[in-house]
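**Student:** The structure is given below, and queries will be raised subsequently.
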Amino acid sequence: MLEIRNLHVQIEDKKILNGLSLTVNDGEVAAIMGPNGSGKSTLSYVIAGKEDYEVLDGEILLDGQNLLEMEPDARAAAGVFLAFQYPLEIPGVATMTFLKAALNAQRKARGEGELSTPEFMKKVRAGAERLHIPQDMLKRALNVGFSGGEKKRMEILQMALLEPRFCILDETDSGLDIDALKIAADGVNALRDPKRSFLVITHYQRLLNYIVPDTVHVMANGRVVKSGGKELALELEANGYADYRSQAA
Ligand code: ADP
Ligand code: MG
Ligand code: MG
């Protein structure tokens with residue numbers, strides 16, 4: 001379970017999160033919606049441990065461990081996975097090589113030994129098959145020349161290999177056509193598990209037609225201002241964020 005209590009965060013003297021509280025239970029898919037600039041991406045970066053953000057107050061507990069006292073790699077080892085809004089392109093590094101390095105770095109941080117090449121190949125092939133990723137794509141340089149949908153599938157393959165405890169997807173729908181969106185959603189849905197939770201951050205309701213959340217939370221001015229079930233997303237789609245903005249101001 002992830003529990004965030006009264007989180008206050010600033011960057012360069014600018015206050016961005018203002019007493020945010022949020023609980024995500026085991027196996028839960030929680031959606032975060034909210035207007036541009038409400039602090040959604042900041043929240044995902046602070047959970048993952050990106051530097052530059054100054055936490056002024058509050059706690060983030062994952063299974064009772066205080067994430068704020070842990071380095072980013074220790075958080076990843078504890079099972080936090082942040083999917084990037086803009087996937088990195090790494091010319092000269094085969095996707096397969098990148099995935100192996102990522103997996104072994106995480107195993108090391110968890111105190112586990114490196115996987116042998118055959119063990120790794122078996123794992124990555126099974127994952128790629130499940131996500132309909134052609135084997136030859138794994139030999140190409142990571143994300144270089146990949147379409148938006150291909151990048152997204154690769155990110156989900158990475159997520160599947162790392163077997164995270166808590167997955168954060170920030171604006172997964174930006175720049176994806178409807179087919180790519182469905183592929184990404186199918187990948188996420190395949191990873192739903194009673195021991196795994198998701199925070200799905202999205203500005204639009206559209207993604208939530210495919211990744212159906214258990215709970216929806218509305219952020220405005222750096223706080224959660226309303227929580228509800230999946231029907232809350234439909235209400236937001238119909239009425240917009242204006243009410244919440246003025247309420248939070
Ligand atoms: P969202 O993802 O909801 O659109 P963000 O978390 O990206 O919101 O941004 C929240 C607010 O913080 C915005 O007003 C943004 O301009 C500001 N902000 C984000 N990152 C920085 C930064 N590195 N320096 C200064 N202001 C920032
Ligand atoms: Mg934004
Ligand atoms: Mg954002």
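In the structure tokens, chains take the letters A, B, ... in the order shown, each chain's residues start at 1, and ligands count up from 1 in the order shown.
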Counting only C-alpha atoms, what is within 6 Å of region 203-207 of chain A, bar same-chain residues fewer than 3 positions away, as a count of residues only?

**Tutor:** 4

**Student:** Identify, counting only C-alpha atoms and all ligand atoms, the protein, DNA and RNA residues located within 12 Å of ligand 3, and give them as a PyMOL selection string.

**Tutor:** chain A and resi 32-45+84-86+169-174+200-204+219+222

**Student:** Can you check which residues of region 140-226 of chain A DSSP gives as strand (DSSP E or B) on the backbone and send them as a list in words?

**Tutor:**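 Filtering region 140-226 of chain A down to strand (DSSP E or B) leaves Ala141, Leu142, Phe166, Cys167, Ile168, Leu169, Asp170, Asp193, Arg196, Ser197, Phe198, Leu199, Val200, Ile201, Thr215, Val216, His217, Val218, Met219, Ala220, Arg223, Val224, Val225 and Lys226 of chain A.
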
**Student:** As a PyMOL selection string, please: the residues near region 143-153 of chain A (cut-off 12 Å, only C-alpha atoms, same-chain neighbours under 2 positions excluded).

**Tutor:** chain A and resi 83-96+98-99+127-134+137-141+155-160+169-188

**Student:** Please, could you write that set of residues out with C-alpha atoms as a tab-separated table (two decimals), in the first residue's frame?

**Tutor:**
chain	number	residue	atom	x	y	z
A	83	ALA	CA	7.13	5.38	-16.90
A	84	PHE	CA	8.50	8.40	-18.67
A	85	GLN	CA	6.33	10.99	-20.32
A	86	TYR	CA	8.97	11.38	-23.05
A	87	PRO	CA	10.87	8.10	-23.52
A	88	LEU	CA	14.65	8.37	-23.91
A	89	GLU	CA	16.19	7.55	-27.25
A	90	ILE	CA	19.58	5.87	-26.85
A	91	PRO	CA	21.43	5.61	-30.15
A	92	GLY	CA	24.01	2.83	-30.23
A	93	VAL	CA	22.46	0.81	-27.40
A	94	ALA	CA	20.37	-2.15	-28.47
A	95	THR	CA	17.05	-2.32	-26.70
A	96	MET	CA	17.89	-5.82	-25.47
A	98	PHE	CA	19.35	-1.72	-22.20
A	99	LEU	CA	16.68	-4.02	-20.78
A	127	GLY	CA	7.43	-10.65	-22.20
A	128	ALA	CA	7.81	-9.43	-25.78
A	129	GLU	CA	5.49	-12.12	-27.03
A	130	ARG	CA	2.85	-11.22	-24.49
A	131	LEU	CA	2.98	-7.57	-25.57
A	132	HIS	CA	3.13	-8.37	-29.31
A	133	ILE	CA	6.60	-6.87	-29.69
A	134	PRO	CA	8.48	-8.37	-32.66
A	137	MET	CA	12.68	-4.65	-32.48
A	138	LEU	CA	14.69	-5.76	-29.45
A	139	LYS	CA	17.87	-5.65	-31.55
A	140	ARG	CA	17.32	-2.06	-32.66
A	141	ALA	CA	18.69	0.95	-30.74
A	155	GLU	CA	8.20	0.91	-21.81
A	156	ILE	CA	5.57	-1.58	-20.77
A	157	LEU	CA	7.95	-4.45	-21.55
A	158	GLN	CA	10.50	-2.78	-19.28
A	159	MET	CA	7.84	-2.45	-16.61
A	160	ALA	CA	6.84	-6.11	-17.00
A	169	LEU	CA	2.20	6.19	-15.65
A	170	ASP	CA	2.29	9.89	-16.39
A	171	GLU	CA	0.25	11.12	-19.38
A	172	THR	CA	0.60	7.77	-21.14
A	173	ASP	CA	-2.00	8.91	-23.65
A	174	SER	CA	-0.20	12.03	-24.89
A	175	GLY	CA	0.71	11.68	-28.53
A	176	LEU	CA	-0.69	8.18	-28.94
A	177	ASP	CA	-3.19	7.26	-31.61
A	178	ILE	CA	-6.11	5.11	-30.57
A	179	ASP	CA	-4.51	1.78	-31.59
A	180	ALA	CA	-1.32	2.56	-29.67
A	181	LEU	CA	-3.38	3.66	-26.70
A	182	LYS	CA	-5.21	0.33	-26.69
A	183	ILE	CA	-1.92	-1.58	-26.89
A	184	ALA	CA	-0.52	0.38	-23.96
A	185	ALA	CA	-3.71	-0.16	-21.99
A	186	ASP	CA	-3.73	-3.90	-22.78
A	187	GLY	CA	-0.15	-4.09	-21.53
A	188	VAL	CA	-1.06	-2.39	-18.28

**Student:** Which residues are close to Leu20 (chain A), i.e. within 12 Å by only C-alpha atoms, leaving aside same-chain residues fewer than 4 positions away? Reply as an NGL selection string.

**Tutor:** :A and (3-9 or 16 or 38-40 or 42-43 or 46 or 55-60 or 217-226 or 248)

**Student:** Could you save the residues just selected, with C-alpha atoms, as a PDB file, in the first residue's frame?

**Tutor:**
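Result written to again_14.pdb:
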ATOM      1  CA  GLU A   3       0.247   6.231   1.631  1.00  0.00           C
ATOM      2  CA  ILE A   4       0.966   9.912   1.092  1.00  0.00           C
ATOM      3  CA  ARG A   5       0.276  12.233   3.973  1.00  0.00           C
ATOM      4  CA  ASN A   6       0.214  16.024   3.895  1.00  0.00           C
ATOM      5  CA  LEU A   7       2.899  16.402   1.225  1.00  0.00           C
ATOM      6  CA  HIS A   8       4.313  19.888   0.686  1.00  0.00           C
ATOM      7  CA  VAL A   9       6.877  20.316  -2.082  1.00  0.00           C
ATOM      8  CA  ILE A  16       3.848  23.153  -6.091  1.00  0.00           C
ATOM      9  CA  SER A  38      -1.874  21.251 -10.971  1.00  0.00           C
ATOM     10  CA  GLY A  39       1.240  19.299  -9.938  1.00  0.00           C
ATOM     11  CA  LYS A  40       0.544  15.816 -11.315  1.00  0.00           C
ATOM     12  CA  THR A  42       5.631  16.804  -9.781  1.00  0.00           C
ATOM     13  CA  LEU A  43       3.872  14.206  -7.643  1.00  0.00           C
ATOM     14  CA  VAL A  46       8.651  13.160  -5.962  1.00  0.00           C
ATOM     15  CA  VAL A  55      10.041  18.268   0.327  1.00  0.00           C
ATOM     16  CA  LEU A  56       9.003  20.702   3.053  1.00  0.00           C
ATOM     17  CA  ASP A  57       6.646  18.442   4.945  1.00  0.00           C
ATOM     18  CA  GLY A  58       4.756  15.164   4.749  1.00  0.00           C
ATOM     19  CA  GLU A  59       5.396  11.466   4.227  1.00  0.00           C
ATOM     20  CA  ILE A  60       5.323   8.929   1.437  1.00  0.00           C
ATOM     21  CA  HIS A 217      -8.658  11.571  -7.686  1.00  0.00           C
ATOM     22  CA  VAL A 218      -8.827  15.154  -8.878  1.00  0.00           C
ATOM     23  CA  MET A 219      -5.808  17.374  -8.296  1.00  0.00           C
ATOM     24  CA  ALA A 220      -5.948  21.142  -8.290  1.00  0.00           C
ATOM     25  CA  ASN A 221      -3.338  23.566  -6.968  1.00  0.00           C
ATOM     26  CA  GLY A 222      -1.145  20.796  -5.616  1.00  0.00           C
ATOM     27  CA  ARG A 223      -3.733  18.919  -3.599  1.00  0.00           C
ATOM     28  CA  VAL A 224      -6.256  16.156  -4.074  1.00  0.00           C
ATOM     29  CA  VAL A 225      -9.554  18.044  -3.984  1.00  0.00           C
ATOM     30  CA  LYS A 226     -11.957  15.230  -4.771  1.00  0.00           C
ATOM     31  CA  ALA A 248      -8.860  24.925  -4.622  1.00  0.00           C
TER      32      ALA A 248
END

**Student:** From a DSSP pass on the backbone, collect the residues of region 132-165 of chain A flagged as alpha helix (DSSP H) and hand them back as a list of chain:residue names.

**Tutor:**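 Written out, the alpha helix (DSSP H) residues of region 132-165 of chain A are A:Gly148, A:Gly149, A:Glu150, A:Lys151, A:Lys152, A:Arg153, A:Met154, A:Glu155, A:Ile156, A:Leu157, A:Gln158, A:Met159, A:Ala160, A:Leu161, A:Leu162.
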